[in-house]
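Colleague: Pasting a structure below so you can have a look.
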Amino acid sequence: MIDISESVMQFLLAFVVVGPLLGAVAALLPAPPGLKGKSPEQAVLRHGVTVTGAVLVAAVVLALGFDHGHPSRMQATTDISWIPALDVRIHLGIDGISLPLLVLTALLTFLCALYSYFKMPSGPSPKAFVALLLVLESGTLATFAVLDLLLFFLAFEMVLVPMYFLIARWGGEGRTRAAWKFILFTLLGSVVMLLGLLLIGIKAGTFDMVALATDNGRSLTTSVQVIAVLAIGLGLAVKTPMWPLHSWLPEAHTAAPTVGSVLLAGVLLKMGTYGFVRILLPVAPHGFHIFAPYLAAFAVVGIIYGSLACLALARQGAKGDLKRLIAYSSVGHMGFVLLGIATMTPTGVNGALFANIAHGLITGLLFFLVGALKDRTGSTELDTLSLASPDHHPSTSGSAAPDQVQTGAALYAKAPRLGGLLAFGAVASLGLPGLAGFWGEMLALFGAFEPAAGLSRPAFLTFMAIGAFGTLLTAAYMLVVVRRVCMGALPEQTPRLADVYGYEFAAWTPLVALTVVAGLWPRALLGLTDPAVHQLLAGGTR
């Protein structure tokens with residue numbers, strides 16, 4: 001770690017939050033300042049890589065300067081009065097809970113910008129694409145950095161418009177319907193969430209999240225807490241997404257461009273679960289205690305439902321789409337996150353936070369890989385990807401562009417590096433020990449084995465058993481996907497696919513490396529979250 005003054009840390013955090021927004025404005029100028037390219041389109045894409053790269057560097061320096069000896073303390077704080085009449089403040093800060101999410105967001109956005117520089121999604125002008133990508137990054141980073149309830153709501157909503165346009169303008173088939181469904185679901189949930197946030201702020205006399213967490217619900221009656229948890233939890237559950245409020249997710253992922261799917265799964269879903277941990281657990285503990293068993297029940301239903309949906313999509317002869325399958329897998333994985341939070345124990349909540357990061361890394365990699373398969377084959381349908389038909393040329397079928405080739409089975413033989421990476425992502429997603437996907441789900445299950453005092457242990461033991469069965473289903477559908485897409489004999493005269501390109505290698509290697517590091521050295525992440533979680537559950541963050 002490096003010794004950085006508090007004022008520099010404050011500047012770095014402010015730059016991480018505001019920098020992408022300034023970069024978005026600059027992207028819309030006639031020519032991005034200081035950058036040149038072979039064309040204006042290339043220049044603005046290079047601008048996106050530069051800005052997101054600068055934000056990533058600032059986030060990494062922020063992480064290096066973070067006081068790892070006191071991760072439960074808010075650091076790099078800025079606290080400025082903004083709307084005195086409502087006591088709304090521009091209050092920023094990070095602790096061991098928010099720092100990993102901040103770095104994950106900066107990393108994934110940079111990788112998406114780098115990938116788009118070489119493989120821009122087909123659609124309107126790159127200027128608008130880069131500007132929307134940067135606005136999306138700013139809103140997401142602000143969500144993890146702000147410490148005021150109203151600012152949290154504004155940042156939470158800020159991401160909706162750019163994601164809507166990324167799906168609607170740069171997406172694939174069915175993009176308009178998917179984009180509208182995404183924004184309507186999340187907006188309706190957010191309206192209810194705003195009422196809950198206002199209720200807490202008015203009854204407690206402050207919107208400051210640190211003060212509210214330190215108060216630990218003592219200034220709020222149980223009835224107020226119950227109403228607030230119900231209202232805020234509904235909005236957060238839509239974004240997570242929790243079954244049965246998940247129906248917008250598969251369509252959004254299927255229609256979104258590759259980078260849209262990566263950011264949607266890797267970053268945006270984490271905003272909902274982060275809100276449960278940052279707001280509801282410390283601010284309304286009694287109300288959350290009442291709803292915790294119901295949250296756990298919905299979580300395990302989501303685990304089983306998502307896994308069964310994936311199995312149905314993966315089976316031979318089904319009209320399955322690989323992007324849709326990975327989207328449904330997110331419903332199951334986020335179910336483990338919600339189960340861990342519902343235990344209200346340090347073990348469960350740490351597991352939820354670990355699973356958040358692991359899901360962002362692994363699912364982000366999987367969506368990158370599926371996007372690469374679509375670029376090479378013109379399809380993400382499993383029947384197309386697994387059908388060995390050497391005499392079938394895509395130019396006559398309409399399923400791919402004339403210069404693309406049909407992948408068929410045996411991806412290991414046709415593009416060994418691509419097939420190996422897909423298999424790696426699959427086994428990481430199913431929770432193979434030694435990779436990042438293992439620890440979060442196991443800790444969530446351990447938390448359910450011994451839930452917080454006052455919660456029904458028999459009920460949570462049942463939830464644990466159901467969740468454990470869900471891990472078996474996850475392994476089943478992921479292995480079916482690997483068998484159908486990667487394995488099999490290579491028919492004679494079958495054209496090979498282009499293997500991993502240099503820019504793909506650059507975009508995917510950090511995700512692979514971090515998945516391995518987090519799996520082999522979980523203390524790197526748990527050492528940050530554990531002290532912060534203990535203090536959060538004991539009575540807030542100071």
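Residue names in the structure tokens use chain letters A, B, ... in the order shown, residue numbers from 1 in each chain, and ligand numbers from 1 in the order shown.
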Using only C-alpha atoms, which protein or nucleic acid residues come within 10 Å of Val88 of chain A? Drop anything in the same chain fewer than 4 positions from it, and give the result as a list in words.

Modeller: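 Listed by chain and then number, they are Ile80, Ser81, Trp82, Ile83, Pro84, Asp148, Leu149, Leu150, Leu151, Gly201, Thr206, Phe207 and Asp208 of chain A.
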
Colleague: Go ahead and write the residues just picked, all heavy atoms, as a short mmCIF file (atom, residue, chain, number, x, y, z; two decimals), in the first residue's frame.

Modeller:
```
data_model
loop_
_atom_site.label_atom_id
_atom_site.label_comp_id
_atom_site.auth_asym_id
_atom_site.auth_seq_id
_atom_site.Cartn_x
_atom_site.Cartn_y
_atom_site.Cartn_z
N ILE A 80 -20.22 18.25 1.73
CA ILE A 80 -20.55 19.65 1.41
C ILE A 80 -22.06 19.82 1.40
O ILE A 80 -22.78 18.99 0.82
CB ILE A 80 -19.98 20.05 0.03
CG1 ILE A 80 -18.46 19.81 -0.01
CG2 ILE A 80 -20.30 21.50 -0.30
CD1 ILE A 80 -17.86 19.97 -1.40
N SER A 81 -22.55 20.88 2.01
CA SER A 81 -23.98 21.16 1.99
C SER A 81 -24.43 21.48 0.57
O SER A 81 -23.79 22.26 -0.13
CB SER A 81 -24.31 22.33 2.92
OG SER A 81 -25.69 22.62 2.88
N TRP A 82 -25.52 20.85 0.14
CA TRP A 82 -26.02 21.05 -1.23
C TRP A 82 -27.40 21.70 -1.21
O TRP A 82 -27.61 22.75 -1.82
CB TRP A 82 -26.08 19.69 -1.95
CG TRP A 82 -26.47 19.77 -3.40
CD1 TRP A 82 -26.15 20.76 -4.27
CD2 TRP A 82 -27.24 18.81 -4.12
NE1 TRP A 82 -26.68 20.48 -5.51
CE2 TRP A 82 -27.35 19.28 -5.46
CE3 TRP A 82 -27.84 17.60 -3.80
CZ2 TRP A 82 -28.05 18.59 -6.43
CZ3 TRP A 82 -28.52 16.90 -4.78
CH2 TRP A 82 -28.63 17.39 -6.09
N ILE A 83 -28.37 21.12 -0.51
CA ILE A 83 -29.71 21.70 -0.37
C ILE A 83 -29.98 21.85 1.12
O ILE A 83 -30.50 20.93 1.76
CB ILE A 83 -30.78 20.81 -1.05
CG1 ILE A 83 -30.38 20.49 -2.49
CG2 ILE A 83 -32.14 21.49 -1.01
CD1 ILE A 83 -31.34 19.56 -3.19
N PRO A 84 -29.63 22.99 1.70
CA PRO A 84 -29.75 23.15 3.16
C PRO A 84 -31.18 22.95 3.67
O PRO A 84 -31.38 22.42 4.77
CB PRO A 84 -29.28 24.59 3.39
CG PRO A 84 -28.43 24.91 2.20
CD PRO A 84 -29.02 24.16 1.06
N ASP A 148 -25.51 9.89 0.86
CA ASP A 148 -26.75 10.62 1.13
C ASP A 148 -27.87 9.89 0.40
O ASP A 148 -27.70 9.50 -0.77
CB ASP A 148 -26.63 12.06 0.63
CG ASP A 148 -27.87 12.88 0.93
OD1 ASP A 148 -28.85 12.80 0.15
OD2 ASP A 148 -27.89 13.60 1.95
N LEU A 149 -29.00 9.69 1.07
CA LEU A 149 -30.07 8.88 0.50
C LEU A 149 -30.60 9.45 -0.81
O LEU A 149 -30.86 8.70 -1.77
CB LEU A 149 -31.22 8.74 1.50
CG LEU A 149 -30.96 7.85 2.72
CD1 LEU A 149 -32.21 7.80 3.60
CD2 LEU A 149 -30.57 6.44 2.29
N LEU A 150 -30.77 10.77 -0.88
CA LEU A 150 -31.32 11.36 -2.10
C LEU A 150 -30.29 11.33 -3.23
O LEU A 150 -30.65 11.12 -4.40
CB LEU A 150 -31.80 12.79 -1.84
CG LEU A 150 -33.03 12.91 -0.92
CD1 LEU A 150 -33.51 14.35 -0.83
CD2 LEU A 150 -34.18 12.01 -1.43
N LEU A 151 -29.02 11.55 -2.89
CA LEU A 151 -27.98 11.43 -3.92
C LEU A 151 -27.89 9.98 -4.41
O LEU A 151 -27.66 9.73 -5.60
CB LEU A 151 -26.64 11.87 -3.36
CG LEU A 151 -26.30 13.36 -3.41
CD1 LEU A 151 -24.89 13.59 -2.90
CD2 LEU A 151 -26.45 13.92 -4.81
N GLY A 201 -35.84 9.57 5.68
CA GLY A 201 -35.22 10.87 5.87
C GLY A 201 -36.07 11.81 6.71
O GLY A 201 -35.56 12.52 7.58
N THR A 206 -32.75 13.25 8.92
CA THR A 206 -31.52 13.35 8.12
C THR A 206 -31.55 12.34 6.99
O THR A 206 -32.16 11.27 7.13
CB THR A 206 -30.27 13.15 8.97
OG1 THR A 206 -29.10 13.29 8.14
CG2 THR A 206 -30.25 11.77 9.60
N PHE A 207 -30.88 12.70 5.89
CA PHE A 207 -30.72 11.77 4.77
C PHE A 207 -29.29 11.21 4.73
O PHE A 207 -28.96 10.47 3.81
CB PHE A 207 -31.03 12.47 3.44
CG PHE A 207 -32.49 12.79 3.25
CD1 PHE A 207 -32.98 14.05 3.53
CD2 PHE A 207 -33.37 11.81 2.81
CE1 PHE A 207 -34.33 14.35 3.36
CE2 PHE A 207 -34.71 12.10 2.63
CZ PHE A 207 -35.19 13.37 2.91
N ASP A 208 -28.48 11.58 5.72
CA ASP A 208 -27.09 11.15 5.74
C ASP A 208 -27.01 9.67 6.09
O ASP A 208 -27.44 9.24 7.16
CB ASP A 208 -26.29 11.98 6.74
CG ASP A 208 -24.81 11.68 6.67
OD1 ASP A 208 -24.12 12.33 5.87
OD2 ASP A 208 -24.35 10.77 7.39
#
```

Colleague: Using DSSP secondary structure from the backbone, list all helix (DSSP H, G or I) positions within segment 321-452 of chain A, as a ChimeraX atom specification.

Modeller: /A:322-342,346-377,382-386,394-397,411-414,416-429,436-449

Colleague: Could you check which of A:Ala372, A:Leu472, A:Leu338, A:Leu497 is closest to Tyr274 of chain A, using only C-alpha atoms?

Modeller: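 Smallest distance to Tyr274 of chain A is found for A:Leu338.
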
Colleague: Excluding segment 361-369 of chain A and residues on its chain fewer than 2 positions from it, collect all residues at most 6 Å away from it, counting only C-alpha atoms, and give them as a tab-separated table (two decimals) with N, CA, C and O atoms, in the first residue's frame.

Modeller:
```tsv
chain	number	residue	atom	x	y	z
A	262	VAL	N	-22.40	-7.03	-20.64
A	262	VAL	CA	-21.32	-7.10	-19.65
A	262	VAL	C	-21.57	-6.13	-18.51
A	262	VAL	O	-21.46	-6.49	-17.33
A	266	GLY	N	-22.48	-7.31	-14.92
A	266	GLY	CA	-21.32	-7.13	-14.07
A	266	GLY	C	-21.41	-6.00	-13.09
A	266	GLY	O	-20.76	-6.03	-12.04
A	358	ALA	N	-17.50	-11.79	-7.58
A	358	ALA	CA	-17.25	-12.98	-8.41
A	358	ALA	C	-18.19	-13.03	-9.60
A	358	ALA	O	-17.78	-13.33	-10.73
A	359	HIS	N	-19.46	-12.73	-9.38
A	359	HIS	CA	-20.43	-12.74	-10.48
A	359	HIS	C	-20.08	-11.69	-11.52
A	359	HIS	O	-20.20	-11.94	-12.73
A	371	GLY	N	-20.45	-12.90	-27.01
A	371	GLY	CA	-20.39	-11.88	-28.05
A	371	GLY	C	-19.39	-12.25	-29.14
A	371	GLY	O	-19.64	-12.04	-30.33
A	372	ALA	N	-18.24	-12.82	-28.73
A	372	ALA	CA	-17.24	-13.24	-29.71
A	372	ALA	C	-17.78	-14.38	-30.58
A	372	ALA	O	-17.54	-14.42	-31.80
A	425	GLY	N	-14.93	-20.17	-18.06
A	425	GLY	CA	-16.03	-19.36	-17.54
A	425	GLY	C	-17.15	-20.21	-17.00
A	425	GLY	O	-17.76	-19.88	-15.98
A	511	LEU	N	-10.02	-10.40	-16.38
A	511	LEU	CA	-11.14	-11.08	-15.74
A	511	LEU	C	-10.75	-12.51	-15.36
A	511	LEU	O	-11.11	-12.99	-14.27
```

Colleague: Within 7 Å of Tyr503 of chain A, counting only C-alpha atoms, which residues show up once you throw out same-chain ones fewer than 4 positions away? Write them as a PyMOL selection string, please.

Modeller: chain A and resi 115+118+507
